[in-house]
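Q: One structure is given below, represented as structure tokens, and several questions about it will come after.
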Amino acid sequence: MVTKDEAARTLAGLRYEGGDGVTHVYRLVGAAEDDPDEPIKLLNDSESREPIGFHPLGFRPMPALGVPYRYILLVVSPGELVDIRGGRLELPRGWKLGEEFPRPAFEPEPDDAAADEWADEPEPV
């Protein structure tokens, strides 16, 4: 079984691959991280994003891509990320910045079925 940490790394790689202007991807951590039903939470900044505030987006598991867990994505502008790092902007729900995932050295090509699954619409969180 894929661990949540492995799935989070996979998701981070997919964000770098498919995210418009993504320069940083972080794991977000909360009080219930040890709960197996707690979704993976990621934050990424995007150079194409305006600083308009942020709202978590929830997604279903993507087993075909190695992500058998629900996950939440928070996309922020580079300026908002600076403010989060500097403690001037709070993350929702008491979440904190965790590990920063480095950009992968190579980006695997997903198969067509997995690419279709990645295109799922977000769910309300």
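Here's how to read the names in the structure tokens: chain A, B, ... by the order shown, residue numbers from 1 in each chain, ligand numbers from 1 in the order shown.
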Write out as a PyMOL selection string the set of residues from chain A that DSSP, computed on the backbone, places in alpha helix (DSSP H).

A: chain A and resi 4-18+78-85+112-118

Q: Determine, counting only C-alpha atoms, which protein, DNA and RNA residues have an atom within 9 Å of an atom of Glu100 in chain A; residues of the same chain fewer than 4 positions away are not included. Present the result as a ChimeraX atom specification.

A: /A:24-27

Q: What does the file look like for those residues with C-alpha atoms, as a CSV table (one decimal), in the first residue's frame?

A:
```
chain,number,residue,atom,x,y,z
A,24,HIS,CA,7.2,25.8,-4.6
A,25,VAL,CA,5.1,22.9,-3.3
A,26,TYR,CA,4.7,22.3,0.5
A,27,ARG,CA,2.9,19.8,2.6
```

Q: Please, what distance in Å, to one decimal, runs between CA of Arg85 in chain A and CA of Ala12 in chain A?

A: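 Value for the CA of Arg85 in chain A-CA of Ala12 in chain A distance: 18.6 Å.
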
Q: Would you work out the distance separating CA of Pro68 in chain A from CA of Lys96 in chain A, expressed in Å to one decimal?

A: 23.1 Å

Q: Determine the nearest neighbour of Gly94 in chain A from the options A:Leu28, A:Asp45, A:Gly53, A:Leu65, counting only C-alpha atoms.

A: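 So, comparing all the options, the nearest one is A:Leu28.
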
Q: Show which residues sit within 7 Å of Val22 in chain A, as JSON, numbers by chain. Count only C-alpha atoms, and ignore same-chain residues fewer than 6 positions away.

A: {"A": [16, 44, 45, 46, 47]}

Q: Can I get the selection written as a CSV table (one decimal), in the first residue's frame, with N, CA and C atoms?

A:
```
chain,number,residue,atom,x,y,z
A,16,TYR,N,4.1,20.2,-9.9
A,16,TYR,CA,5.2,20.9,-10.7
A,16,TYR,C,5.0,20.6,-12.2
A,44,ASN,N,0.7,25.1,-3.0
A,44,ASN,CA,1.7,25.5,-4.0
A,44,ASN,C,1.5,27.0,-4.4
A,45,ASP,N,2.6,27.7,-4.7
A,45,ASP,CA,2.4,29.0,-5.2
A,45,ASP,C,2.4,28.9,-6.7
A,46,SER,N,1.9,29.9,-7.4
A,46,SER,CA,1.9,30.0,-8.8
A,46,SER,C,2.1,31.4,-9.3
A,47,GLU,N,3.1,31.6,-10.2
A,47,GLU,CA,3.4,32.9,-10.7
A,47,GLU,C,2.2,33.5,-11.5
```

Q: Residues near His55 in chain A, anyone? I mean within 9 Å using only C-alpha atoms, not counting same-chain ones fewer than 5 positions away, as a list in words.

A: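 Counting only the stated atoms, we get Leu73, Leu74, Val75, Pro92 and Val125 of chain A.
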
Q: Store the residues picked out above, limited to N, CA and C atoms, as a PDB file, in the first residue's frame.

A:
```pdb
ATOM      1  N   LEU A  73      -5.901  20.888  -1.910  1.00  0.00           N
ATOM      2  CA  LEU A  73      -4.906  21.744  -2.544  1.00  0.00           C
ATOM      3  C   LEU A  73      -5.222  23.201  -2.234  1.00  0.00           C
ATOM      4  N   LEU A  74      -4.203  23.932  -1.882  1.00  0.00           N
ATOM      5  CA  LEU A  74      -4.301  25.366  -1.643  1.00  0.00           C
ATOM      6  C   LEU A  74      -3.304  26.035  -2.583  1.00  0.00           C
ATOM      7  N   VAL A  75      -3.787  26.900  -3.473  1.00  0.00           N
ATOM      8  CA  VAL A  75      -2.917  27.602  -4.422  1.00  0.00           C
ATOM      9  C   VAL A  75      -2.864  29.070  -4.005  1.00  0.00           C
ATOM     10  N   PRO A  92      -5.681  28.410   6.698  1.00  0.00           N
ATOM     11  CA  PRO A  92      -6.969  28.027   7.294  1.00  0.00           C
ATOM     12  C   PRO A  92      -6.823  26.830   8.228  1.00  0.00           C
ATOM     13  N   VAL A 125     -14.644  21.512   0.102  1.00  0.00           N
ATOM     14  CA  VAL A 125     -13.945  21.036   1.303  1.00  0.00           C
ATOM     15  C   VAL A 125     -14.692  21.487   2.520  1.00  0.00           C
TER      16      VAL A 125
END
```

Q: Just to confirm, what's the straight-line distance from CA of Thr3 in chain A to CA of Lys41 in chain A in Å (one decimal)?

A: 13.9 Å

Q: Under the rule that only C-alpha atoms are counted, which of A:Gly21, A:Gly86, A:Gly98, A:Pro61 is the nearest residue to Arg49 in chain A?

A: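 Closest to Arg49 in chain A of all the choices is A:Gly21.
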
Q: Leaving out Glu38 in chain A and any residue of its chain fewer than 6 positions from it, which residues lie within 12 Å of it when counting only C-alpha atoms, given as a ChimeraX atom specification?

A: /A:4,28-32,58,69-72

Q: Keeping only C-alpha atoms, write the selected residues as a compact mmCIF listing (two decimals), in the first residue's frame.

A:
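What ended up in out_38.txt:
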```txt
# COMPACT_ATOMS: atom_id res chain seq x y z
CA LYS A 4 0.45 9.12 2.58
CA LEU A 28 0.43 21.32 4.97
CA VAL A 29 0.10 19.73 8.39
CA GLY A 30 -2.73 19.85 10.87
CA ALA A 31 -3.71 18.28 14.17
CA ALA A 32 -5.13 15.06 12.65
CA GLY A 58 -10.77 18.98 -2.23
CA TYR A 69 -6.06 9.16 -0.62
CA ARG A 70 -8.30 12.21 -0.73
CA TYR A 71 -6.32 15.41 -0.89
CA ILE A 72 -6.72 19.14 -0.48
```
